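This is start.txt (compact mmCIF, C-alpha atoms and all ligand atoms).
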# COMPACT_ATOMS: atom_id res chain seq x y z
CA MET A 1 -10.45 -3.76 16.92
CA ALA A 2 -7.04 -2.07 17.03
CA ARG A 3 -5.58 -1.72 13.57
CA PRO A 4 -1.86 -2.15 12.96
CA THR A 5 0.54 0.54 11.83
CA VAL A 6 2.06 -0.55 8.51
CA ILE A 7 5.34 0.79 7.10
CA ALA A 8 5.67 -0.46 3.55
CA GLY A 9 8.24 0.08 0.81
CA ASN A 10 7.12 -0.03 -2.81
CA TRP A 11 10.34 -0.60 -4.75
CA LYS A 12 8.58 -0.22 -8.13
CA LEU A 13 10.94 -1.27 -10.96
CA ASN A 14 14.08 -0.91 -8.81
CA PRO A 15 16.86 -1.68 -8.01
CA PRO A 16 19.27 -3.97 -9.93
CA ARG A 17 19.89 -7.37 -8.32
CA GLU A 18 23.02 -6.72 -6.26
CA GLN A 19 21.65 -3.52 -4.81
CA GLY A 20 18.27 -5.11 -4.18
CA GLU A 21 19.80 -8.00 -2.30
CA ALA A 22 21.93 -5.65 -0.20
CA LEU A 23 18.91 -3.44 0.52
CA TYR A 24 16.88 -6.46 1.56
CA ARG A 25 19.64 -7.70 3.88
CA ASP A 26 20.00 -4.28 5.49
CA VAL A 27 16.25 -4.01 6.03
CA VAL A 28 16.04 -7.50 7.56
CA VAL A 29 18.98 -6.73 9.88
CA GLY A 30 17.49 -3.33 10.74
CA ILE A 31 14.21 -4.94 11.73
CA SER A 32 15.94 -7.58 13.84
CA GLU A 33 17.85 -4.84 15.66
CA ARG A 34 14.64 -3.09 16.66
CA SER A 35 12.06 -4.60 18.91
CA LEU A 36 8.99 -4.19 16.77
CA PRO A 37 5.85 -3.68 18.83
CA ALA A 38 3.15 -6.24 18.00
CA ASN A 39 1.02 -3.60 16.28
CA VAL A 40 3.74 -2.40 13.87
CA GLN A 41 4.11 -4.27 10.58
CA VAL A 42 6.87 -3.77 8.02
CA ALA A 43 6.45 -4.73 4.38
CA ILE A 44 8.36 -4.48 1.13
CA PHE A 45 6.94 -4.82 -2.37
CA PRO A 46 9.94 -5.67 -4.58
CA PRO A 47 9.81 -6.54 -8.29
CA ALA A 48 8.59 -10.07 -9.00
CA PRO A 49 11.94 -11.85 -9.52
CA TYR A 50 12.88 -11.17 -5.89
CA LEU A 51 9.68 -12.66 -4.47
CA GLY A 52 10.40 -16.37 -4.69
CA GLY A 53 13.56 -16.19 -2.60
CA TRP A 54 12.20 -13.87 0.06
CA ALA A 55 8.46 -14.34 0.52
CA GLY A 56 7.63 -16.59 3.44
CA SER A 57 11.20 -16.71 4.72
CA SER A 58 11.86 -13.18 5.90
CA GLY A 59 10.84 -13.39 9.55
CA ASP A 60 8.87 -10.32 10.60
CA LEU A 61 9.21 -8.67 7.20
CA ILE A 62 6.14 -8.97 5.00
CA VAL A 63 7.02 -9.50 1.34
CA GLY A 64 4.31 -8.54 -1.11
CA ALA A 65 3.76 -8.27 -4.85
CA GLN A 66 3.20 -5.02 -6.75
CA ASP A 67 0.39 -6.36 -8.89
CA VAL A 68 -1.62 -9.50 -9.52
CA ALA A 69 -3.54 -10.88 -12.46
CA SER A 70 -7.29 -11.24 -12.38
CA GLU A 71 -6.92 -14.77 -13.76
CA SER A 72 -5.68 -17.60 -11.56
CA TRP A 73 -4.18 -20.07 -14.01
CA GLY A 74 -4.07 -20.73 -17.70
CA ALA A 75 -2.97 -19.33 -21.02
CA PHE A 76 -2.18 -15.81 -19.83
CA THR A 77 1.39 -15.17 -20.89
CA GLY A 78 3.15 -12.69 -18.66
CA ALA A 79 0.53 -12.76 -15.92
CA LEU A 80 1.28 -13.36 -12.25
CA GLY A 81 -1.56 -15.25 -10.58
CA ALA A 82 -2.65 -14.84 -6.97
CA GLU A 83 -2.55 -18.54 -6.15
CA LEU A 84 0.92 -18.86 -7.61
CA LEU A 85 2.08 -15.92 -5.48
CA ARG A 86 0.47 -17.45 -2.43
CA GLY A 87 2.26 -20.73 -3.10
CA PHE A 88 5.58 -18.88 -2.97
CA GLY A 89 4.75 -17.35 0.42
CA VAL A 90 3.48 -13.95 -0.74
CA THR A 91 0.79 -12.63 1.62
CA HIS A 92 0.03 -9.09 0.38
CA VAL A 93 -0.46 -7.46 -2.99
CA LEU A 94 -0.75 -3.86 -4.17
CA ILE A 95 -3.82 -3.24 -6.30
CA GLY A 96 -4.62 -0.14 -8.31
CA HIS A 97 -1.37 1.74 -7.78
CA SER A 98 -1.63 4.96 -9.78
CA GLU A 99 1.25 3.82 -11.99
CA ARG A 100 -0.76 0.71 -12.88
CA ARG A 101 -3.81 2.86 -13.53
CA HIS A 102 -1.95 5.44 -15.63
CA HIS A 103 0.71 3.44 -17.49
CA PHE A 104 -1.02 0.08 -17.81
CA GLY A 105 -4.65 1.07 -18.08
CA ASP A 106 -5.97 -0.55 -14.89
CA THR A 107 -9.55 0.63 -14.43
CA ASP A 108 -11.78 0.33 -11.39
CA ALA A 109 -13.24 -2.81 -12.96
CA THR A 110 -9.73 -4.26 -13.45
CA CYS A 111 -8.92 -3.44 -9.85
CA ARG A 112 -12.09 -5.18 -8.69
CA ALA A 113 -11.26 -8.32 -10.66
CA LYS A 114 -7.70 -8.32 -9.30
CA LEU A 115 -8.90 -7.72 -5.77
CA GLU A 116 -11.33 -10.59 -5.99
CA ALA A 117 -8.66 -12.90 -7.39
CA ALA A 118 -6.29 -11.88 -4.57
CA ARG A 119 -8.96 -12.53 -1.96
CA ALA A 120 -9.90 -15.89 -3.42
CA ALA A 121 -6.27 -16.97 -2.98
CA GLY A 122 -6.12 -15.59 0.57
CA LEU A 123 -3.86 -12.63 -0.22
CA ILE A 124 -4.40 -9.34 1.61
CA PRO A 125 -5.05 -6.57 -0.92
CA VAL A 126 -3.48 -3.14 -0.43
CA LEU A 127 -5.86 -1.02 -2.48
CA CYS A 128 -4.32 2.23 -3.71
CA VAL A 129 -6.51 5.26 -4.37
CA GLY A 130 -5.72 8.90 -5.09
CA GLU A 131 -6.57 11.93 -7.14
CA THR A 132 -4.51 13.76 -9.76
CA GLU A 133 -3.59 17.42 -9.38
CA PRO A 134 -6.30 18.71 -11.76
CA GLU A 135 -8.84 16.58 -9.90
CA ARG A 136 -7.77 18.08 -6.58
CA ASP A 137 -7.81 21.59 -8.04
CA ALA A 138 -11.34 20.95 -9.32
CA GLY A 139 -12.45 19.94 -5.81
CA GLU A 140 -13.07 16.33 -6.89
CA THR A 141 -10.74 14.52 -4.47
CA PHE A 142 -13.46 12.86 -2.39
CA ASP A 143 -15.50 11.87 -5.46
CA ILE A 144 -12.47 10.25 -7.10
CA ILE A 145 -11.29 8.27 -4.11
CA ARG A 146 -14.84 7.19 -3.33
CA ARG A 147 -15.31 5.99 -6.92
CA GLN A 148 -12.03 4.06 -6.76
CA LEU A 149 -12.95 2.55 -3.40
CA ASP A 150 -16.49 1.54 -4.35
CA GLY A 151 -15.37 0.34 -7.77
CA ALA A 152 -12.79 -2.06 -6.38
CA LEU A 153 -14.75 -3.25 -3.37
CA GLU A 154 -18.11 -3.85 -4.95
CA ALA A 155 -18.25 -7.50 -3.94
CA GLN A 156 -16.18 -7.16 -0.79
CA SER A 157 -17.55 -8.88 2.26
CA VAL A 158 -16.73 -7.21 5.56
CA ALA A 159 -14.99 -10.16 7.13
CA GLU A 160 -11.89 -10.06 4.96
CA PRO A 161 -8.83 -8.03 5.84
CA LEU A 162 -7.92 -5.06 3.68
CA VAL A 163 -5.35 -2.29 3.65
CA ILE A 164 -5.96 1.00 1.86
CA ALA A 165 -3.24 3.36 0.65
CA TYR A 166 -4.20 6.95 -0.07
CA GLU A 167 -1.66 8.19 -2.60
CA PRO A 168 -2.40 11.56 -4.17
CA VAL A 169 -0.93 11.21 -7.66
CA TRP A 170 0.55 14.72 -7.59
CA ALA A 171 2.62 13.79 -4.53
CA ILE A 172 4.14 10.58 -5.95
CA GLY A 173 7.82 10.92 -6.77
CA THR A 174 7.51 14.69 -6.95
CA GLY A 175 8.86 15.71 -3.56
CA LYS A 176 5.49 17.41 -2.96
CA THR A 177 3.83 15.89 0.09
CA ALA A 178 0.24 16.30 1.10
CA THR A 179 0.14 18.27 4.35
CA PRO A 180 -0.81 16.09 7.32
CA GLU A 181 -4.15 17.95 7.30
CA MET A 182 -4.80 17.13 3.62
CA ALA A 183 -3.86 13.49 4.15
CA ALA A 184 -5.86 13.16 7.36
CA GLU A 185 -8.92 14.72 5.73
CA ALA A 186 -8.80 12.16 2.91
CA HIS A 187 -8.17 9.32 5.37
CA ARG A 188 -11.14 10.36 7.50
CA TYR A 189 -13.30 10.47 4.40
CA LEU A 190 -12.15 6.98 3.37
CA ARG A 191 -12.83 5.63 6.85
CA HIS A 192 -16.23 7.28 6.85
CA SER A 193 -16.93 5.65 3.47
CA LEU A 194 -15.97 2.22 4.82
CA ARG A 195 -18.22 2.78 7.82
CA GLU A 196 -21.09 3.91 5.65
CA LYS A 197 -20.76 1.13 3.11
CA TRP A 198 -20.02 -1.69 5.56
CA ASN A 199 -19.78 -1.08 9.28
CA ALA A 200 -17.84 0.66 12.03
CA GLU A 201 -15.93 -2.46 13.04
CA PHE A 202 -14.58 -2.97 9.52
CA ALA A 203 -13.78 0.73 9.13
CA ASP A 204 -11.91 0.78 12.43
CA ALA A 205 -9.94 -2.38 11.66
CA THR A 206 -8.74 -1.26 8.21
CA PRO A 207 -5.34 0.47 8.15
CA ILE A 208 -5.22 3.47 5.82
CA LEU A 209 -1.66 4.30 4.76
CA TYR A 210 -0.45 7.53 3.23
CA GLY A 211 1.86 7.48 0.21
CA GLY A 212 3.47 10.30 -1.73
CA SER A 213 7.00 11.57 -1.04
CA VAL A 214 7.16 10.21 2.51
CA LYS A 215 10.68 10.85 3.81
CA PRO A 216 12.43 10.62 7.16
CA SER A 217 11.95 14.39 7.46
CA ASN A 218 8.15 14.34 7.22
CA ALA A 219 7.31 10.85 8.53
CA ALA A 220 6.84 11.71 12.19
CA THR A 221 4.40 14.54 11.44
CA LEU A 222 2.35 12.44 9.04
CA LEU A 223 2.34 9.37 11.25
CA GLY A 224 1.43 11.50 14.26
CA ASP A 225 -2.12 11.86 12.99
CA ALA A 226 -4.55 9.33 14.46
CA ASP A 227 -6.11 8.67 11.04
CA ILE A 228 -2.80 7.96 9.26
CA ASP A 229 -2.02 4.32 10.01
CA GLY A 230 1.27 4.01 8.21
CA ALA A 231 3.07 4.83 5.00
CA LEU A 232 3.58 3.40 1.53
CA ILE A 233 6.99 4.64 0.54
CA GLY A 234 8.53 4.75 -2.92
CA GLY A 235 11.86 6.52 -3.37
CA ALA A 236 12.85 6.60 0.30
CA SER A 237 12.33 2.84 0.63
CA LEU A 238 15.26 2.22 -1.75
CA ASP A 239 17.69 3.34 0.92
CA ALA A 240 17.74 1.13 4.02
CA GLU A 241 18.70 3.96 6.35
CA SER A 242 15.84 6.18 5.15
CA PHE A 243 13.33 3.36 5.23
CA LEU A 244 14.36 2.30 8.73
CA SER A 245 14.31 5.85 9.96
CA ILE A 246 10.71 6.16 8.72
CA LEU A 247 10.01 2.91 10.57
CA ASP A 248 11.52 4.44 13.72
CA ALA A 249 9.05 7.31 13.42
CA ALA A 250 6.27 4.71 13.67
CA ILE A 251 7.63 2.94 16.73
CA PRO A 252 6.27 4.54 19.89
CA ARG A 253 8.92 5.44 22.47
P1 LIG B 1 7.34 8.19 -3.58
O1 LIG B 1 7.51 7.91 -2.10
O2 LIG B 1 8.58 8.01 -4.36
O3 LIG B 1 6.64 9.51 -3.79
O4 LIG B 1 6.32 7.07 -4.14
C1 LIG B 1 5.15 6.84 -3.48
C2 LIG B 1 4.50 5.63 -4.04
O5 LIG B 1 4.07 5.60 -5.19
C3 LIG B 1 4.41 4.44 -3.18
O6 LIG B 1 3.59 3.47 -3.73

Can the structure from this file be put into structure tokens for me?
Ligand code: 13P
Amino acid sequence: MARPTVIAGNWKLNPPREQGEALYRDVVVGISERSLPANVQVAIFPPAPYLGGWAGSSGDLIVGAQDVASESWGAFTGALGAELLRGFGVTHVLIGHSERRHHFGDTDATCRAKLEAARAAGLIPVLCVGETEPERDAGETFDIIRRQLDGALEAQSVAEPLVIAYEPVWAIGTGKTATPEMAAEAHRYLRHSLREKWNAEFADATPILYGGSVKPSNAATLLGDADIDGALIGGASLDAESFLSILDAAIPR
């Protein structure tokens, strides 16, 4: 099955309302000005307050959440449940972003619970995995991303759609980008792991995005690799021109 190319912006805790609304408008207009091929998807993951107004009413633009609770409903002050998100038109959710893992203590078990809650509500999880610099230096990259993958997908059945984002922690917000070879090597290992754990059809259908200082200047090279199925973009997604120019690098001419 052909997998889509996905260009996604993770806005993190940015920007203030007026700028966010202008950014959103520019991205929506930019998408409408391009003829998106059927296999190219564009997504943004803005902070939660933006979701209600945009999710489900943004045409071709996918609007996703940056995190989800493992509980659906109930006395969980501050939590954002998957079914609630779904009811507001949200279709995708990031799970296990390294900032969630490092600042908020999300473990593999937390990620699994969140992933299962997302699935139960019919949301498509975008599972983020990636090693830190000391882990890479110690030659542990494959072990770490395999542990994160297996940990989150323990109960995953093959039939349900999934997106994976490989985001080496040392490349996030640092201006250091993994070389296309480094990224492709990790992506091939992740795809091999999906094939080994489930089957070739599932592995081939699952888009694996690269994240970590993706910019207009390096997008074409990264996206040129057959195993890199798109990008999860932080900083450069906060500027419509940069984000759209990365999108252009994904649209075949
Ligand atoms: P930067 O593109 O700012 O490095 O962030 C990447 C990221 O964390 C996307 O989720």

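As for atom CA of Ala117 of chain A and atom CA of Glu135 of chain A, they are spaced 29.6 Å apart.
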
Closest contacts (chain A/ligand LIG 1 (chain B), max 7 Å, all atoms listed in the file) as JSON lines:
{"residue": "A:Asn10", "atom": "CA", "partner": "B:LIG1", "partner_atom": "O6", "distance": 5.1}
{"residue": "A:His97", "atom": "CA", "partner": "B:LIG1", "partner_atom": "O6", "distance": 6.6}
{"residue": "A:Glu167", "atom": "CA", "partner": "B:LIG1", "partner_atom": "O5", "distance": 6.8}
{"residue": "A:Ala171", "atom": "CA", "partner": "B:LIG1", "partner_atom": "O3", "distance": 5.9}
{"residue": "A:Ile172", "atom": "CA", "partner": "B:LIG1", "partner_atom": "O3", "distance": 3.5}
{"residue": "A:Gly173", "atom": "CA", "partner": "B:LIG1", "partner_atom": "O3", "distance": 3.5}
{"residue": "A:Thr174", "atom": "CA", "partner": "B:LIG1", "partner_atom": "O3", "distance": 6.1}
{"residue": "A:Gly175", "atom": "CA", "partner": "B:LIG1", "partner_atom": "O3", "distance": 6.6}
{"residue": "A:Gly211", "atom": "CA", "partner": "B:LIG1", "partner_atom": "C1", "distance": 5.0}
{"residue": "A:Gly212", "atom": "CA", "partner": "B:LIG1", "partner_atom": "O3", "distance": 3.9}
{"residue": "A:Ser213", "atom": "CA", "partner": "B:LIG1", "partner_atom": "O3", "distance": 3.5}
{"residue": "A:Val214", "atom": "CA", "partner": "B:LIG1", "partner_atom": "O1", "distance": 5.2}
{"residue": "A:Leu232", "atom": "CA", "partner": "B:LIG1", "partner_atom": "C3", "distance": 4.9}
{"residue": "A:Ile233", "atom": "CA", "partner": "B:LIG1", "partner_atom": "O1", "distance": 4.2}
{"residue": "A:Gly234", "atom": "CA", "partner": "B:LIG1", "partner_atom": "O1", "distance": 3.4}
{"residue": "A:Gly235", "atom": "CA", "partner": "B:LIG1", "partner_atom": "O2", "distance": 3.7}
{"residue": "A:Ala236", "atom": "CA", "partner": "B:LIG1", "partner_atom": "O1", "distance": 6.0}

Long-range neighbours of segment 140-155 of chain A as JSON, numbers by chain, 9 Å cut-off, only C-alpha atoms, 4 positions minimum in chain = {"A": [96, 107, 108, 109, 110, 111, 112, 113, 114, 115, 116, 127, 128, 129, 130, 131, 132, 134, 135, 136, 164, 166, 168, 186, 189, 190, 193, 194, 197]}

9 Å contact set for Leu13 of chain A, all atoms listed in the file, chain neighbours under 2 positions out, as a VMD selection string | chain A and resid 11 15 to 16 46 to 47

Write out as an MDAnalysis selection string each polymer residue whose atoms come within 9 Å of Phe88 of chain A, counting all atoms listed in the file; drop sequence neighbours fewer than 6 positions from it.
-> chainID A and resid 51:56

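Note that atom CA of Ser58 of chain A and atom CA of Glu21 of chain A are 12.5 Å apart.
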
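Going from atom CA of Pro161 of chain A over to atom CA of Ala203 of chain A, you cover 10.6 Å.
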
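Of the residues listed (A:Phe76, A:Ile124, A:Asp229, A:Arg100), A:Arg100 shows the shortest atom-to-atom separation from Val169 of chain A; distances use only C-alpha atoms.
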
Could you pull the residues within 12 Å of Ser237 of chain A, counting only C-alpha atoms, minus those fewer than 6 positions along the same chain, as a PDB file with C-alpha atoms, keeping the file's coordinate frame?
ATOM      1  CA  ILE A   7       5.340   0.790   7.100  1.00  0.00           C
ATOM      2  CA  ALA A   8       5.670  -0.460   3.550  1.00  0.00           C
ATOM      3  CA  GLY A   9       8.240   0.080   0.810  1.00  0.00           C
ATOM      4  CA  ASN A  10       7.120  -0.030  -2.810  1.00  0.00           C
ATOM      5  CA  TRP A  11      10.340  -0.600  -4.750  1.00  0.00           C
ATOM      6  CA  LYS A  12       8.580  -0.220  -8.130  1.00  0.00           C
ATOM      7  CA  ASN A  14      14.080  -0.910  -8.810  1.00  0.00           C
ATOM      8  CA  PRO A  15      16.860  -1.680  -8.010  1.00  0.00           C
ATOM      9  CA  GLY A  20      18.270  -5.110  -4.180  1.00  0.00           C
ATOM     10  CA  LEU A  23      18.910  -3.440   0.520  1.00  0.00           C
ATOM     11  CA  TYR A  24      16.880  -6.460   1.560  1.00  0.00           C
ATOM     12  CA  ASP A  26      20.000  -4.280   5.490  1.00  0.00           C
ATOM     13  CA  VAL A  27      16.250  -4.010   6.030  1.00  0.00           C
ATOM     14  CA  VAL A  42       6.870  -3.770   8.020  1.00  0.00           C
ATOM     15  CA  ALA A  43       6.450  -4.730   4.380  1.00  0.00           C
ATOM     16  CA  ILE A  44       8.360  -4.480   1.130  1.00  0.00           C
ATOM     17  CA  PHE A  45       6.940  -4.820  -2.370  1.00  0.00           C
ATOM     18  CA  PRO A  46       9.940  -5.670  -4.580  1.00  0.00           C
ATOM     19  CA  GLY A 173       7.820  10.920  -6.770  1.00  0.00           C
ATOM     20  CA  GLY A 211       1.860   7.480   0.210  1.00  0.00           C
ATOM     21  CA  GLY A 212       3.470  10.300  -1.730  1.00  0.00           C
ATOM     22  CA  SER A 213       7.000  11.570  -1.040  1.00  0.00           C
ATOM     23  CA  VAL A 214       7.160  10.210   2.510  1.00  0.00           C
ATOM     24  CA  LYS A 215      10.680  10.850   3.810  1.00  0.00           C
ATOM     25  CA  PRO A 216      12.430  10.620   7.160  1.00  0.00           C
ATOM     26  CA  ALA A 231       3.070   4.830   5.000  1.00  0.00           C
ATOM     27  CA  PHE A 243      13.330   3.360   5.230  1.00  0.00           C
ATOM     28  CA  LEU A 244      14.360   2.300   8.730  1.00  0.00           C
ATOM     29  CA  SER A 245      14.310   5.850   9.960  1.00  0.00           C
ATOM     30  CA  ILE A 246      10.710   6.160   8.720  1.00  0.00           C
ATOM     31  CA  LEU A 247      10.010   2.910  10.570  1.00  0.00           C
TER      32      LEU A 247
END

Residues near Ala38 of chain A, cut-off 10 Å, only C-alpha atoms, skip fewer than 2 positions along chain, as a VMD selection string = chain A and resid 4 to 5 35 to 36 40 to 41

Incomplete segment 112-123 of chain A filled out to all heavy atoms as a compact mmCIF listing (two decimals), in the coordinates of the input:
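selection_38.txt was written with the following content:
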# COMPACT_ATOMS: atom_id res chain seq x y z
N ARG A 112 -11.13 -4.31 -9.38
CA ARG A 112 -12.09 -5.18 -8.69
C ARG A 112 -11.78 -6.65 -9.00
O ARG A 112 -11.73 -7.49 -8.11
CB ARG A 112 -13.52 -4.84 -9.09
CG ARG A 112 -14.52 -5.66 -8.29
CD ARG A 112 -15.95 -5.27 -8.59
NE ARG A 112 -16.33 -5.69 -9.93
CZ ARG A 112 -16.73 -4.89 -10.90
NH1 ARG A 112 -16.81 -3.60 -10.69
NH2 ARG A 112 -17.04 -5.36 -12.08
N ALA A 113 -11.54 -6.94 -10.27
CA ALA A 113 -11.26 -8.32 -10.66
C ALA A 113 -9.97 -8.81 -9.99
O ALA A 113 -9.88 -9.95 -9.51
CB ALA A 113 -11.15 -8.42 -12.18
N LYS A 114 -8.97 -7.94 -9.93
CA LYS A 114 -7.70 -8.32 -9.30
C LYS A 114 -7.89 -8.52 -7.80
O LYS A 114 -7.36 -9.46 -7.20
CB LYS A 114 -6.64 -7.25 -9.57
CG LYS A 114 -6.20 -7.22 -11.03
CD LYS A 114 -5.13 -6.17 -11.27
CE LYS A 114 -4.57 -6.34 -12.69
NZ LYS A 114 -3.45 -5.42 -12.95
N LEU A 115 -8.66 -7.62 -7.21
CA LEU A 115 -8.90 -7.72 -5.77
C LEU A 115 -9.63 -9.02 -5.43
O LEU A 115 -9.31 -9.71 -4.46
CB LEU A 115 -9.69 -6.49 -5.31
CG LEU A 115 -9.80 -6.31 -3.81
CD1 LEU A 115 -9.56 -4.86 -3.42
CD2 LEU A 115 -11.15 -6.74 -3.28
N GLU A 116 -10.59 -9.35 -6.26
CA GLU A 116 -11.33 -10.59 -5.99
C GLU A 116 -10.45 -11.82 -6.18
O GLU A 116 -10.53 -12.77 -5.41
CB GLU A 116 -12.61 -10.63 -6.85
CG GLU A 116 -13.64 -9.66 -6.29
CD GLU A 116 -14.82 -9.40 -7.20
OE1 GLU A 116 -15.04 -10.17 -8.15
OE2 GLU A 116 -15.53 -8.40 -6.96
N ALA A 117 -9.58 -11.77 -7.18
CA ALA A 117 -8.66 -12.90 -7.39
C ALA A 117 -7.69 -13.02 -6.20
O ALA A 117 -7.40 -14.12 -5.72
CB ALA A 117 -7.88 -12.71 -8.69
N ALA A 118 -7.20 -11.88 -5.72
CA ALA A 118 -6.29 -11.88 -4.57
C ALA A 118 -6.98 -12.49 -3.36
O ALA A 118 -6.44 -13.36 -2.67
CB ALA A 118 -5.82 -10.46 -4.27
N ARG A 119 -8.18 -12.03 -3.09
CA ARG A 119 -8.96 -12.53 -1.96
C ARG A 119 -9.21 -14.02 -2.04
O ARG A 119 -9.09 -14.73 -1.06
CB ARG A 119 -10.34 -11.90 -2.01
CG ARG A 119 -10.36 -10.57 -1.46
CD ARG A 119 -11.72 -10.32 -0.84
NE ARG A 119 -11.69 -9.00 -0.27
CZ ARG A 119 -10.81 -8.64 0.63
NH1 ARG A 119 -9.99 -9.51 1.11
NH2 ARG A 119 -10.78 -7.42 1.07
N ALA A 120 -9.58 -14.46 -3.24
CA ALA A 120 -9.90 -15.89 -3.42
C ALA A 120 -8.69 -16.75 -3.08
O ALA A 120 -8.82 -17.88 -2.63
CB ALA A 120 -10.37 -16.14 -4.85
N ALA A 121 -7.49 -16.20 -3.28
CA ALA A 121 -6.27 -16.97 -2.98
C ALA A 121 -5.79 -16.71 -1.56
O ALA A 121 -4.76 -17.22 -1.15
CB ALA A 121 -5.19 -16.59 -3.98
N GLY A 122 -6.51 -15.86 -0.82
CA GLY A 122 -6.12 -15.59 0.57
C GLY A 122 -5.05 -14.53 0.71
O GLY A 122 -4.42 -14.41 1.76
N LEU A 123 -4.82 -13.73 -0.33
CA LEU A 123 -3.86 -12.63 -0.22
C LEU A 123 -4.56 -11.40 0.35
O LEU A 123 -5.75 -11.20 0.11
CB LEU A 123 -3.29 -12.25 -1.60
CG LEU A 123 -2.52 -13.32 -2.36
CD1 LEU A 123 -2.03 -12.77 -3.70
CD2 LEU A 123 -1.33 -13.81 -1.54
